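All remarks here apply to the structure that follows.
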Amino acid sequence: MLTWLAHILHWSFLDSGSVQTALLVGGSAAVVCAVIGVFTILRGYAFAGHALGDVSSAGGSASFLLGISPLAGFLGIAGIAAVSLEFLGVRRAREQDVATGIVLGAGIGLSALFLYLDTTTTNTTGTAVTVMFGSMFTFPASLRLPAMMTAAAALVMMAILYRPLLLSMVDPELATTRGISTRWVGLLHLLTLAAAVALAALSVGAVLASALVIGPAGAAVRISRRPGVAILLAMLLGLTAVWCGIWMAYESYYWFAGRAWPVSFFVVTIIFLSYLTSVPLQYVRRRRFVRAMPMAAYAGG
Amino acid sequence: MDESIHPSGTARFLLRTTAWLTTIAAAILSLGMAPAAQAKIRAIGVENQYANVIAQIGGKYVQVRSIVSNPNTDPHVFEASPSVAMEVAGAQLIVRNGLGYDTWVKKILAAAPNAHRQVIVAQQLLGLPENTPNPHLWYKPGTMPKVAAAIATALGKLDAAHARYFNTNLKIFDASLKPWYAAIAAFKAKFGGTPVAVTEPVGDYMLEATGCQIKTPWTLQAAIMNGTDPAPQDVSIQKRLLRQHLVKVFVYNQQVTDPLTASFLHLAEKSHIPVVGVYETMPTGYSYQRWMLAEVKALHLALTRGISTTVLK
């Protein structure tokens, strides 16, 4: 199957170890981001998702300084930022933006310091570009297992959170009477979001992470209001964007005489185009369904 | 009492104080300025290999400092601090590489113009255009004699009294490069055409001079040098070179590294391909000519006895 595909695409595409690792790690990121992205958008946490990505750049740049895995760096800082967001008192939407903005500033400030130290005290070259915009083709093969384990853990967590999260979004009071702690559910969702953001930051870079977290899910939510369908659709869009992006970056080697374009550019462009396509689709759908209570649709799952 | 002839008490006090202050200020200024003006020319070799050559030509009449010399950092991404900028702006002689390697120096000098300052750019001496892809000119055998001659001329302008001294030192320097040239010629005669792999182009000029064939795709070398994403196709070619023993030596830049170059190094070691370490700046404990000679000797050792010289000591 794989060799057959290899013939169709380009003789060496799937033979290359760097391509295989990029497909696995980027694919894991796309799947996790699809599931968590849908909930993040429905909860109105898109900006928090973006901020977590930016903040996680501090972890990515610190990892080069400490000589640890970038995934561990991204995960650590995104996790800390997620907890800070929850405990900085995110009760009202307006407060949420303020707290998020403040955490974001602090995180990027740390990145500025760590990236400076990276270039002045260690012999890492191109760290800033790798942290901010991703370098999927430079993943070592040893990254495959930890990335897929992180993805699996995030997916298991979302499977557990699926019902309580939907219920606490639709009807927080009902959720409380059923013994669901909306605060805990919210915190766990943010932590899982942090894991998705870390995987996305690793793949397409800290600055572009939100494109992968919010983009495919945003397009999917426009096309279908049913969370289950939206998640599947977001997975399809995310995987298409990441895998086609990797393939196009690989092919661009032949277009530009060996000066291949970065993977992240292709991935983010495909995501943007799919989002644009989803806008007219939304109006087609709206004409068919007229809903009085949009949130009622989620409770049914 | 005629006040127009005899100053009042207050005015006299002021005059006397001013005179004292002027004397003190002059004394401080002369303490600070005089030794610098009399004795040593303040020179900067932006990269420490150029500083080393300035020191060899200028000897006791020159006070040399280098800016880029940390062997653990990549000079391509050097960031100048304000104190470095002041030092550069205040120097009488500056030698730099050019070709985008130290553009920040150009900016500092443009911001602090000084007609008496002597600036030597290796790129200009060699007449190389801005788009020359490989900036590591010090590995080119023809570079340093030209730089050294320009240094001797510039020093002679700054300190005409010792021009002969500088010229004698220039002759000594030129003579001291002969063992390196002889080693290159001997290597080329015996091992010309040897296939080698590299991480980035730092040592390419010397490898070309020794007749080695650089098998690593240029696009991969450029990607590693500039810190951009390497194409998977290029990575596959490089891995094949190392895995299938299509190269006899792996030339590894110690100062521009990332997980990818580390994986190449690991692969070379696993395939028992000898490794030769090369540098962006002069390693500690070396002079320019001893460093260059050591690199050719390391290549020779790698080919004849399969010995790696990953780090120059």
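Ordering of the structure tokens sets the chain letters (A, B, ...); residue numbers start at 1 within each chain; ligands are numbered from 1 in the order shown.
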Residues at most 10 Å from Gly90 (chain B), counting only C-alpha atoms, excluding those fewer than 6 positions away in the same chain, as a PyMOL selection string? chain B and resi 42-44+84+109+112+114+117
For the structure I just gave you, how does DSSP split region 43-256 of chain B - specifically, which residues are strand (DSSP E)? Reply as a PyMOL selection string. chain B and resi 43-47+62-68+93-96+118-121+195-198+213-214+249-253
Per-residue nearest contacts of chain A to chain B (9 Å; only C-alpha atoms) as a Markdown table:
| residue | atom | partner | partner_atom | distance |
| --- | --- | --- | --- | --- |
| A:Ser12 | CA | B:Gln233 | CA | 7.8 |
| A:Phe13 | CA | B:Gln233 | CA | 8.3 |
| A:Asp15 | CA | B:Ser236 | CA | 8.9 |
| A:Ser16 | CA | B:Ser236 | CA | 6.3 |
| A:Gly17 | CA | B:Ser236 | CA | 7.9 |
| A:Ser18 | CA | B:Pro232 | CA | 6.0 |
| A:Val19 | CA | B:Pro232 | CA | 6.6 |
| A:Tyr116 | CA | B:Glu79 | CA | 8.5 |
| A:Asp118 | CA | B:Thr73 | CA | 8.7 |
| A:Thr119 | CA | B:Val77 | CA | 6.4 |
| A:Thr120 | CA | B:Thr73 | CA | 6.1 |
| A:Thr121 | CA | B:Thr73 | CA | 5.9 |
| A:Thr122 | CA | B:Thr73 | CA | 5.1 |
| A:Asn123 | CA | B:Thr73 | CA | 4.1 |
| A:Thr124 | CA | B:Thr257 | CA | 5.7 |
| A:Thr125 | CA | B:Gly227 | CA | 5.2 |
| A:Gly126 | CA | B:Gly227 | CA | 3.9 |
| A:Thr127 | CA | B:Gly227 | CA | 7.4 |
| A:Val129 | CA | B:Thr228 | CA | 7.5 |
| A:Thr130 | CA | B:Thr228 | CA | 8.1 |
| A:Gly134 | CA | B:Asp229 | CA | 8.9 |
| A:Ser135 | CA | B:Asp229 | CA | 5.9 |
| A:Met136 | CA | B:Asp229 | CA | 8.1 |
| A:Phe137 | CA | B:Pro232 | CA | 6.4 |
| A:Thr138 | CA | B:Leu260 | CA | 6.2 |
| A:Phe139 | CA | B:Pro259 | CA | 8.0 |
| A:Pro140 | CA | B:Pro259 | CA | 7.0 |
| A:Ala249 | CA | B:Ala231 | CA | 8.3 |
| A:Tyr250 | CA | B:Ala231 | CA | 6.9 |
| A:Tyr253 | CA | B:Ala231 | CA | 6.8 |
| A:Ala257 | CA | B:Thr219 | CA | 8.8 |
| A:Gly258 | CA | B:Thr219 | CA | 6.0 |
| A:Arg259 | CA | B:Thr219 | CA | 6.5 |
| A:Ala260 | CA | B:Ala231 | CA | 6.1 |
| A:Trp261 | CA | B:Asp229 | CA | 8.2 |
| A:Pro262 | CA | B:Asp229 | CA | 6.6 |
| A:Val263 | CA | B:Asp229 | CA | 8.6 |
Extract, using only C-alpha atoms, all DNA, RNA and protein residues at most 10 Å from Val62 (chain B), discarding same-chain residues fewer than 4 positions from it, and format them as a PyMOL selection string. chain B and resi 39-44+54-58+93+155+159
Can you tell me, as a CSV table (one decimal) with C-alpha atoms, in the first residue's frame, which residues in region 52-139 of chain B count as alpha helix (DSSP H) by DSSP?
chain,number,residue,atom,x,y,z
B,52,ASN,CA,45.2,37.2,15.2
B,53,VAL,CA,46.7,38.3,11.9
B,54,ILE,CA,46.6,42.0,13.0
B,55,ALA,CA,48.5,41.1,16.2
B,56,GLN,CA,51.1,39.2,14.2
B,57,ILE,CA,51.7,42.2,11.8
B,58,GLY,CA,51.3,45.0,14.4
B,82,PRO,CA,26.1,48.8,23.0
B,83,SER,CA,29.6,48.4,24.6
B,84,VAL,CA,30.8,46.5,21.5
B,85,ALA,CA,29.4,49.2,19.3
B,86,MET,CA,31.3,51.8,21.2
B,87,GLU,CA,34.5,49.8,21.0
B,88,VAL,CA,34.1,49.3,17.2
B,89,ALA,CA,33.3,52.9,16.6
B,90,GLY,CA,36.4,54.0,18.6
B,103,THR,CA,27.0,43.4,8.4
B,104,TRP,CA,26.4,44.8,11.9
B,105,VAL,CA,29.9,46.3,11.9
B,106,LYS,CA,29.2,48.1,8.7
B,107,LYS,CA,26.1,49.7,10.4
B,108,ILE,CA,28.0,50.7,13.4
B,109,LEU,CA,30.8,52.3,11.3
B,110,ALA,CA,28.2,54.1,9.1
B,111,ALA,CA,26.6,55.6,12.3
B,122,ALA,CA,38.4,40.7,3.1
B,123,GLN,CA,35.5,40.5,0.6
B,124,GLN,CA,36.6,43.7,-1.1
B,125,LEU,CA,40.3,42.7,-1.1
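Among the candidates B:Met144, B:Val202, B:Cys212, B:Ala91, the residue lying nearest to Val119 (chain B) is B:Ala91 (atoms considered: only C-alpha atoms).
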Env of Ala198 (chain A): 7 Å cut, atoms = only C-alpha atoms, seq-sep filter 6 positions within chain, self excluded. Answer as a ChimeraX atom specification. /A:56,71,74-75,78
Straight-line distance linking CA of Asp171 (chain A) with CA of Arg226 (chain A), stated in Å to one decimal: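 One can read the CA of Asp171 (chain A) to CA of Arg226 (chain A) distance as 16.5 Å.
Proximity ranking of A:Gly245, A:Gly228, A:Gly76, A:Gly215 relative to Leu276 (chain A) places A:Gly215 first, based on only C-alpha atoms.
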With only C-alpha atoms as the counted atoms, please give the residues lying no more than 10 Å from Ala46 (chain A), apart from itself and same-chain residues fewer than 2 positions off, as a PyMOL selection string. chain A and resi 37-44+48-52+210+213-215+218
